[in-house]
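Asks: Please find one structure pasted underneath; my questions will follow.
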Number of protein chains: 2
Amino acid sequence: MIKPKIVMVGAGNVASHLAPALSFSGACEVVQVYSRHIESALALADRIPGATATADVGAVIPDADIYLISVADDAIAQLAEALPKGDALYLHTSGSVGMESLAGLSERYGVFYPLQTFSRDVELDMAEVPLFIEGSTDEVESEIRGFAGQLFRSVYHADSDTRKKMHIAAVFGCNFTNYLWTLAAELLARDGLPFEVLRPLLEETLRKAFVNSPAASQTGPAARGDRRVIDGHLSLLDGREKEIYSLLSDCIMSRRSNK
Amino acid sequence: MIKPKIVMVGAGNVASHLAPALSFSGACEVVQVYSRHIESALALADRIPGATATADVGAVIPDADIYLISVADDAIAQLAEALPKGDALYLHTSGSVGMESLAGLSERYGVFYPLQTFSRDVELDMAEVPLFIEGSTDEVESEIRGFAGQLFRSVYHADSDTRKKMHIAAVFGCNFTNYLWTLAAELLARDGLPFEVLRPLLEETLRKAFVNSPAASQTGPAARGDRRVIDGHLSLLDGREKEIYSLLSDCIMSRRSNK
């Protein structure tokens, strides 16, 4: 099997994890990194044997097999328009942008969406990240799957609609929970306690959610319907914190009474 | 140092983790387990060398050094009243019950509160659980600290007020986040996707929250102020889910604009 030649379009958080992992997995040959910031392009290309860097979209290699576009959602369509045209495969890595944004370029396009939170300087085992793909035709999707499967252990099909709902699920599961941890950390800080004291509890809570299901492992005063404790807590809160405590407790209690 | 003789009063989730761990750590000698259900008392006592079981509070050993009361919040005071009186140390393990509920029994009493979520059949490294203690006098608190320190790696002082605020923080950090995971799991299930697809994302989110702080690692559409994505998500939600999405997004955005 001949390795496809890939141009990595973008050098942000996602690209800087994806490109080296794809290269080292042997799934493809990353031949070039484009970024509008040459420093970023150079920094990433430096980590990939055989890759060059450019900040000039007109200098992007024209005969690549795959153009993998990993830039801000708003920039995808415009940047795609500026890429070399041909029978290459054009992919973007966004959870919330439809596949159709690449439709004008070629017959062969699709989505390559890794469901994870990426920070540039934090190492990750990419193989464990679930990858969601979509192809403009069945044949294109098979092609994406074949090449993705050399790196990712879990590759799922997800159309644009499913990807959007997955993104909503991720917002609830990850962004909103992180915000609640922020509130918890602030509550503790007022008593001089470090957020670290909650670590064993939070790790165990997450572990349990995957052992059974989060619904089955719900605990706490609202799950027990313990109005006395809930009212005691509400009397110590105000503003947004009180509003959130009240709404979420009501939700948990109404679920309880529906059982 | 002579090992204190402990009677474990209760045989529920917390007691069934605490008693064997205390015994095997060498911190004390668990001589008896009381539970109003003899099956529970026997099952727990069976796991502890030298411990007997009883369901008759009148048969509780009168010359123990410590009575460790780990029962439902509402039952603590009444059960404590029925225990043998003397100069023993009386402790309860509750996060939300004041120390004063044990004041009538003795001059020596206090609180022994492990901050963790316990499930009877799930093994836990108790040494890693943060323990919060409070004693009726400084001398009593030193005594509790000395004996607790043989098992728990992190022992903190927390008065009843601090314990209550810690409990609120735990509700935000653990009960409410688990509820959001329940919603996320349901959103995914509607598209036939397993909750498991979010696992790497949630584990990484939790890990990052402790690397810096949850406030510093907030991501997502609300943290970016991306109204277009937020409105798109809201248009796909209704009822409680929409209400929660809207409130939490507003909170995250208002925090953003206050920076």
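If you're wondering about the labels, chains in the structure tokens are A, B, ... by order shown, residues count from 1 in each chain, ligands from 1 in order shown.
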Any chance you could tabulate, as a Markdown table, the residues of chain A at most 6 Å from chain B with each one's nearest atom pair and distance in Å to one decimal, using only C-alpha atoms, in chain and rising number order?
Replies:
| residue | atom | partner | partner_atom | distance |
| --- | --- | --- | --- | --- |
| A:Gln116 | CA | B:Leu201 | CA | 4.8 |
| A:Ala169 | CA | B:Ala184 | CA | 4.3 |
| A:Phe172 | CA | B:Leu180 | CA | 5.7 |
| A:Gly173 | CA | B:Trp181 | CA | 5.0 |
| A:Cys174 | CA | B:Leu202 | CA | 5.9 |
| A:Asn175 | CA | B:Gly220 | CA | 5.8 |
| A:Thr177 | CA | B:Thr177 | CA | 5.0 |
| A:Asn178 | CA | B:Pro214 | CA | 5.8 |
| A:Leu180 | CA | B:Phe172 | CA | 5.7 |
| A:Trp181 | CA | B:Gly173 | CA | 5.0 |
| A:Thr182 | CA | B:Pro214 | CA | 5.0 |
| A:Ala184 | CA | B:Ala169 | CA | 4.3 |
| A:Leu187 | CA | B:Ala169 | CA | 6.0 |
| A:Leu201 | CA | B:Gln116 | CA | 4.8 |
| A:Leu202 | CA | B:Cys174 | CA | 5.9 |
| A:Pro214 | CA | B:Thr182 | CA | 5.0 |
| A:Ala215 | CA | B:Thr182 | CA | 5.3 |
| A:Gly220 | CA | B:Asn175 | CA | 5.8 |
Asks: Write the selection just made, keeping C-alpha atoms, as an mmCIF file, in the first residue's frame?
Replies:
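Saved as out-v3.cif:
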data_model
loop_
_atom_site.group_PDB
_atom_site.id
_atom_site.type_symbol
_atom_site.label_atom_id
_atom_site.label_comp_id
_atom_site.auth_asym_id
_atom_site.auth_seq_id
_atom_site.Cartn_x
_atom_site.Cartn_y
_atom_site.Cartn_z
ATOM 1 C CA GLN A 116 -11.073 15.223 22.389
ATOM 2 C CA ALA A 169 -23.335 16.120 24.516
ATOM 3 C CA PHE A 172 -22.851 19.149 28.756
ATOM 4 C CA GLY A 173 -20.364 16.462 29.693
ATOM 5 C CA CYS A 174 -17.180 18.478 29.529
ATOM 6 C CA ASN A 175 -17.606 22.285 29.320
ATOM 7 C CA THR A 177 -18.979 20.078 34.262
ATOM 8 C CA ASN A 178 -15.705 21.968 34.131
ATOM 9 C CA LEU A 180 -19.227 23.369 37.986
ATOM 10 C CA TRP A 181 -15.741 22.345 39.098
ATOM 11 C CA THR A 182 -14.795 26.022 38.862
ATOM 12 C CA ALA A 184 -16.651 24.034 43.586
ATOM 13 C CA LEU A 187 -16.445 27.534 47.305
ATOM 14 C CA LEU A 201 -14.076 12.101 44.893
ATOM 15 C CA LEU A 202 -14.216 13.401 41.314
ATOM 16 C CA PRO A 214 -24.180 8.069 35.188
ATOM 17 C CA ALA A 215 -27.938 7.678 35.738
ATOM 18 C CA GLY A 220 -26.365 13.280 46.715
#
Asks: As a PyMOL selection string, please: all residues of region 19-216 of chain A that backbone DSSP puts in strand (DSSP E).
Replies: chain A and resi 29-34+52-54+66-69+89-92+109-114+131-135+155-157
Asks: I'd like the interatomic distance between CA of Ala59 (chain A) and CA of Met99 (chain A), to a tenth of an Å.
Replies: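 These two atoms are separated by 25.2 Å.
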Asks: Using Å and a single decimal, report how far CA of Pro84 (chain B) sits from CA of Glu134 (chain B).
Replies: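 A separation of 21.8 Å between them.
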Asks: From a backbone DSSP assignment, name each residue in region 32-232 of chain B labelled alpha helix (DSSP H), as an MDAnalysis selection string.
Replies: chainID B and resid 38:45 76:82 138:148 160:170 177:190 199:211 221:224 227:232
Asks: Can you write just those residues out, C-alpha atoms, as a tab-separated table (two decimals), in the first residue's frame?
Replies:
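Done, and the output landed in part_24.tsv:
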chain	number	residue	atom	x	y	z
B	38	ILE	CA	-27.49	-8.79	61.79
B	39	GLU	CA	-26.65	-10.01	58.24
B	40	SER	CA	-24.85	-6.74	57.51
B	41	ALA	CA	-23.03	-6.80	60.86
B	42	LEU	CA	-21.94	-10.40	60.30
B	43	ALA	CA	-20.84	-9.80	56.72
B	44	LEU	CA	-18.62	-6.91	57.77
B	45	ALA	CA	-17.28	-8.54	60.96
B	76	ILE	CA	-26.89	9.41	64.49
B	77	ALA	CA	-28.17	11.23	67.58
B	78	GLN	CA	-30.66	8.57	68.62
B	79	LEU	CA	-28.25	5.71	68.15
B	80	ALA	CA	-25.49	7.55	70.00
B	81	GLU	CA	-27.86	7.95	72.94
B	82	ALA	CA	-28.25	4.18	73.17
B	138	ASP	CA	-7.64	20.26	71.16
B	139	GLU	CA	-6.52	17.17	73.03
B	140	VAL	CA	-9.31	15.07	71.53
B	141	GLU	CA	-8.51	16.39	68.06
B	142	SER	CA	-4.84	15.40	68.49
B	143	GLU	CA	-5.94	11.97	69.53
B	144	ILE	CA	-8.16	11.60	66.45
B	145	ARG	CA	-5.36	12.93	64.24
B	146	GLY	CA	-2.84	10.46	65.67
B	147	PHE	CA	-5.00	7.46	65.08
B	148	ALA	CA	-6.35	8.64	61.69
B	160	SER	CA	-19.07	21.89	61.09
B	161	ASP	CA	-19.47	25.05	59.05
B	162	THR	CA	-16.52	24.27	56.77
B	163	ARG	CA	-17.72	20.70	56.40
B	164	LYS	CA	-21.09	21.97	55.23
B	165	LYS	CA	-19.50	24.24	52.61
B	166	MET	CA	-17.28	21.37	51.52
B	167	HIS	CA	-20.40	19.30	51.12
B	168	ILE	CA	-21.89	22.01	48.88
B	169	ALA	CA	-18.69	22.03	46.81
B	170	ALA	CA	-18.92	18.25	46.51
B	177	THR	CA	-21.62	16.90	37.09
B	178	ASN	CA	-22.82	13.32	37.24
B	179	TYR	CA	-26.29	14.61	36.35
B	180	LEU	CA	-24.85	16.46	33.33
B	181	TRP	CA	-23.15	13.24	32.26
B	182	THR	CA	-26.57	11.59	32.48
B	183	LEU	CA	-27.95	14.19	30.05
B	184	ALA	CA	-24.93	13.76	27.76
B	185	ALA	CA	-25.41	9.98	27.77
B	186	GLU	CA	-29.08	10.43	26.85
B	187	LEU	CA	-28.28	12.84	24.01
B	188	LEU	CA	-25.81	10.33	22.59
B	189	ALA	CA	-28.19	7.41	23.03
B	190	ARG	CA	-30.75	9.16	20.81
B	199	ARG	CA	-14.68	8.76	28.00
B	200	PRO	CA	-11.30	10.03	26.70
B	201	LEU	CA	-12.70	13.57	26.57
B	202	LEU	CA	-14.05	13.49	30.14
B	203	GLU	CA	-10.93	11.88	31.56
B	204	GLU	CA	-8.76	14.48	29.86
B	205	THR	CA	-11.03	17.33	31.02
B	206	LEU	CA	-10.78	16.16	34.64
B	207	ARG	CA	-7.04	15.68	34.39
B	208	LYS	CA	-6.58	19.21	32.96
B	209	ALA	CA	-8.74	20.73	35.72
B	210	PHE	CA	-6.15	19.53	38.25
B	211	VAL	CA	-3.09	20.43	36.16
B	221	PRO	CA	-18.57	27.71	22.71
B	222	ALA	CA	-19.58	29.78	25.77
B	223	ALA	CA	-15.95	30.25	26.84
B	224	ARG	CA	-15.19	31.46	23.30
B	227	ARG	CA	-23.10	32.85	20.00
B	228	ARG	CA	-23.66	31.19	16.59
B	229	VAL	CA	-22.83	27.70	17.91
B	230	ILE	CA	-24.72	28.30	21.18
B	231	ASP	CA	-27.89	29.35	19.34
B	232	GLY	CA	-27.54	26.38	17.02
Asks: Measuring atom to atom with only C-alpha atoms, identify which of B:Gly86, B:Gly58, B:Gly239, B:Gly135 is nearest to Gly98 (chain B).
Replies: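 Closest to Gly98 (chain B), using only C-alpha atoms: B:Gly135.
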Asks: Provide the CA of His92 (chain A) to CA of Tyr113 (chain A) distance in Å, to one decimal place.
Replies: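 Pair CA of His92 (chain A) / CA of Tyr113 (chain A) returns 7.5 Å.
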